[in-house]
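Have a look at the structure below, then the notes.
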Amino acid sequence: MESITKYKITPEKIQLLVNRHFTESKLAEVRELNNGTFNMAYHIKGSGLPSKGAVLKIGPAQGVKVPGHEKDILHTEARAYQLLDHLQIPVPKLYAYDYTHTDIPCDYIFMEYMKGDLWIDQYLALGKTRPELMRELGRYSAMIHSVEGEGFGDVADEYFRFGSWSEAFTTMMENALKECHIRQFRLPYQEIKRVLYEQREVLNAVEKPSLVNFDMWAGNVFLRKKACKVSGIIDFERCFFGDPYAGFVSAVLLIDDVEREKEFIAGYHEVSDKPLIFNRESRVRMELYRLYFNVITTIETYRYSLINGKLIRAYLLWDTKIRLGKLADKAKGIRL
């Protein structure tokens with residue numbers, strides 16, 4: 001997908017970057033990976049590279065204005081892969097990274113190429129294999145959440161971490177709302193702020209900062225369908241240290257209501273010594289995270305065409321109003 005944040009480079013420039021990080025390398029094949037909407041990515045093959053090649057991922061050019069939650073997110077992704085490297089999770093190995101802008105005016109990383117079929121492309125064909133895949137996804141989610149940070153908030157930048165989850169999440173939401181307001185996108189700003197501050201004590205119930213993948217949707221999960229296995233989980237750009245329950249609400253086309261995903265929960269409990277508990281407090285928190293998801297998704301329509309952006313924002317505005325109503329009911333302990 002075309003985007004103002006994607007920085008394309010020539011094969012000659014790719015060869016230059018490869019030479020910086022891989023000895024005696026010569027490119028044989030370069031293929032553009034166009035599923036993403038933010039970064040530019042290439043699958044590269046050649047001598048001196050891993051046998052299945054590597055992925056070169058390039059962030060926006062210096063000077064391109066991006067929202068606060070998207071600033072330096074390639075740093076976040078790279079750091080997440082480092083944090084997860086010791087666990088048996090099918091995430092890409094990080095081969096190299098460069099944030100110096102010496103050769104191109106962008107951050108870039110080299111990482112492992114993940115093979116398989118995207119979950120979203122197999123969505124309607126999973127059939128009886130889905131329960132086992134969900135169970136495996138539950139196990140991997142628990143492993144990700146086992147990684148704890150030294151504070152709540154940013155994964156890559158320790159200066160944007162906080163002592164409490166309520167402080168971190170409130171800051172994240174307020175910054176996102178400011179971005180929306182600057183871009184003059186329609187949202188019920190005051191209602192969102194009101195419920196955010198009303199539920200700060202519920203957020204404070206989260207005592208330990210866990211690594212959260214806030215973008216584990218069906219377009220970021222690879223499958224080996226014949227083996228009924230999850231073969232890859234990619235794009236940890238939007239992860240943070242926070243409440244594990246936040247990851248469940250962002251898993252679009254994977255999890256609609258985590259409480260109904262019995263196999264996912266069973267897999268999670270096979271690994272985690274912290275059982276998932278669904279009560280008034282956790283349900284309220286998840287509704288807050290759904291609001292945050294809607295807010296940042298509204299912001300991200302700045303990259304889309306005029307018509308697509310308007311349509312998506314109209315849906316998100318409608319859904320946000322519905323979420324605010326549900327949040328009010330759940331705060332009263334009503335199970336929907």
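By convention in this document, the chains of the structure tokens carry letters A, B, ... by their order, each chain's residues are numbered from 1, and ligands are numbered from 1 in the order they are shown.
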
Counting only C-alpha atoms, which residues of stretch 202-290 of chain A fall within 12 Å of stretch 46-66 of chain A, and what is the closest atom pair for each with its distance in Å at one decimal, ordered by chain and rising number, as JSON lines?
{"residue": "A:Ile234", "atom": "CA", "partner": "A:Val55", "partner_atom": "CA", "distance": 11.4}
{"residue": "A:Asp235", "atom": "CA", "partner": "A:Lys57", "partner_atom": "CA", "distance": 10.4}
{"residue": "A:Glu237", "atom": "CA", "partner": "A:Gly59", "partner_atom": "CA", "distance": 10.8}

What would the file look like if the residues just selected were written as a short mmCIF file (atom, residue, chain, number, x, y, z; two decimals), in the first residue's frame with N, CA, C and O atoms?
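Output file out_23.cif is given in full below:
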data_model
loop_
_atom_site.label_atom_id
_atom_site.label_comp_id
_atom_site.auth_asym_id
_atom_site.auth_seq_id
_atom_site.Cartn_x
_atom_site.Cartn_y
_atom_site.Cartn_z
N ILE A 234 4.96 -10.90 13.63
CA ILE A 234 5.80 -9.78 13.24
C ILE A 234 5.18 -8.44 13.66
O ILE A 234 4.07 -8.40 14.18
N ASP A 235 5.93 -7.38 13.40
CA ASP A 235 5.49 -5.99 13.59
C ASP A 235 5.13 -5.68 15.05
O ASP A 235 3.97 -5.49 15.41
N GLU A 237 5.97 -2.92 16.44
CA GLU A 237 6.25 -1.49 16.49
C GLU A 237 5.42 -0.76 17.55
O GLU A 237 5.86 0.25 18.08
#

| task | Determine which residues of stretch 231-315 of chain A receive a DSSP assignment of strand (DSSP E), computed from the backbone, and state them as a list in words. | result |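 Here are the strand (DSSP E) residues of stretch 231-315 of chain A: Ser231, Gly232, Ile233, Phe240, Phe241 and Gly242 of chain A.
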
Residues just named, written with N, CA and C atoms as a short mmCIF file (atom, residue, chain, number, x, y, z; two decimals), in the first residue's frame:
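Result saved to out18.cif:
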data_model
loop_
_atom_site.label_atom_id
_atom_site.label_comp_id
_atom_site.auth_asym_id
_atom_site.auth_seq_id
_atom_site.Cartn_x
_atom_site.Cartn_y
_atom_site.Cartn_z
N SER A 231 3.72 -19.86 12.47
CA SER A 231 5.13 -19.87 12.05
C SER A 231 5.81 -18.52 12.23
N GLY A 232 5.05 -17.47 12.51
CA GLY A 232 5.68 -16.18 12.69
C GLY A 232 4.74 -15.13 13.25
N ILE A 233 5.26 -14.26 14.09
CA ILE A 233 4.53 -13.09 14.60
C ILE A 233 5.44 -11.89 14.37
N PHE A 240 4.34 -1.89 24.07
CA PHE A 240 4.68 -1.05 25.22
C PHE A 240 4.71 -1.91 26.46
N PHE A 241 5.21 -1.35 27.55
CA PHE A 241 5.15 -2.03 28.85
C PHE A 241 3.88 -1.56 29.56
N GLY A 242 2.97 -2.50 29.81
CA GLY A 242 1.72 -2.11 30.42
C GLY A 242 0.90 -3.31 30.87
#

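Among the candidates A:Lys208, A:Arg186, A:Lys229, A:Arg79, the residue lying nearest to A:Asn294 is A:Arg186 (atoms considered: only C-alpha atoms).
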
| request: Within stretch 105-320 of chain A, find each residue whose DSSP state, derived from the backbone, is alpha helix (DSSP H), and express the selection as a ChimeraX atom specification. | output: /A:130-145,165-182,189-198,200-204,246-249,262-271,280-299,306-320

| task | Considering only C-alpha atoms, state which residue in the set A:Glu179, A:Ser141, A:Leu124, A:Asn308 is at the smallest distance from A:Gly247. | result |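 So, comparing all the options, the nearest one is A:Ser141.
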
| message | Env of stretch 68-77 of chain A: 6 Å cut, atoms = only C-alpha atoms, seq-sep filter 5 positions within chain, self excluded. Answer as a PyMOL selection string. | response | chain A and resi 155-156+236-237

Keeping all heavy atoms, export the residues of the selection given above as a JSON list (two decimals), in the first residue's frame.
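Dumped to part.json:
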[["chain", "number", "residue", "atom", "x", "y", "z"],
["A", 155, "VAL", "N", 8.95, 1.13, 25.26],
["A", 155, "VAL", "CA", 9.86, -0.02, 25.31],
["A", 155, "VAL", "C", 11.29, 0.39, 25.02],
["A", 155, "VAL", "O", 12.23, -0.09, 25.67],
["A", 155, "VAL", "CB", 9.40, -1.11, 24.31],
["A", 155, "VAL", "CG1", 10.47, -2.17, 24.11],
["A", 155, "VAL", "CG2", 8.11, -1.75, 24.80],
["A", 156, "ALA", "N", 11.48, 1.27, 24.05],
["A", 156, "ALA", "CA", 12.83, 1.61, 23.61],
["A", 156, "ALA", "C", 13.42, 2.81, 24.33],
["A", 156, "ALA", "O", 14.64, 2.93, 24.44],
["A", 156, "ALA", "CB", 12.84, 1.86, 22.10],
["A", 236, "PHE", "N", 6.18, -5.58, 15.86],
["A", 236, "PHE", "CA", 6.02, -5.21, 17.27],
["A", 236, "PHE", "C", 6.23, -3.71, 17.47],
["A", 236, "PHE", "O", 6.59, -3.27, 18.55],
["A", 236, "PHE", "CB", 7.01, -6.00, 18.12],
["A", 236, "PHE", "CG", 6.59, -7.41, 18.40],
["A", 236, "PHE", "CD1", 6.57, -8.37, 17.40],
["A", 236, "PHE", "CD2", 6.21, -7.79, 19.69],
["A", 236, "PHE", "CE1", 6.17, -9.68, 17.66],
["A", 236, "PHE", "CE2", 5.82, -9.10, 19.95],
["A", 236, "PHE", "CZ", 5.79, -10.03, 18.94],
["A", 237, "GLU", "N", 5.97, -2.92, 16.44],
["A", 237, "GLU", "CA", 6.25, -1.49, 16.49],
["A", 237, "GLU", "C", 5.42, -0.76, 17.55],
["A", 237, "GLU", "O", 5.86, 0.25, 18.08],
["A", 237, "GLU", "CB", 5.94, -0.85, 15.13],
["A", 237, "GLU", "CG", 6.72, -1.47, 13.98],
["A", 237, "GLU", "CD", 6.03, -1.22, 12.65],
["A", 237, "GLU", "OE1", 4.78, -1.27, 12.61],
["A", 237, "GLU", "OE2", 6.75, -0.99, 11.67]]

| request: Skip stretch 275-283 of chain A itself and residues of its chain fewer than 6 positions away, then list as a VMD selection string all residues within 12 Å of it, counting only C-alpha atoms. | output: chain A and resid 138 141 to 142 145 199 to 206 243 to 246 248 to 249 257 to 262 264 to 269 289 to 290 323 326 to 336

| query | Distance atom CA of A:Pro67-atom CA of A:Gln190, one decimal place? | reply | 20.7 Å

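Relative to atom CA of A:Phe222, atom CA of A:Phe38 is found at 19.2 Å.
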
| task | Give the answer as one residue: which of A:Val195, A:Cys239, A:Leu223, A:Leu187 has the shortest atom-to-atom distance to A:Lys321, using only C-alpha atoms? | result | A:Leu187

| What is the atom CA of A:Tyr315 to atom CA of A:Val221 distance in Å? |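 Going from atom CA of A:Tyr315 over to atom CA of A:Val221, I get 24.9 Å.
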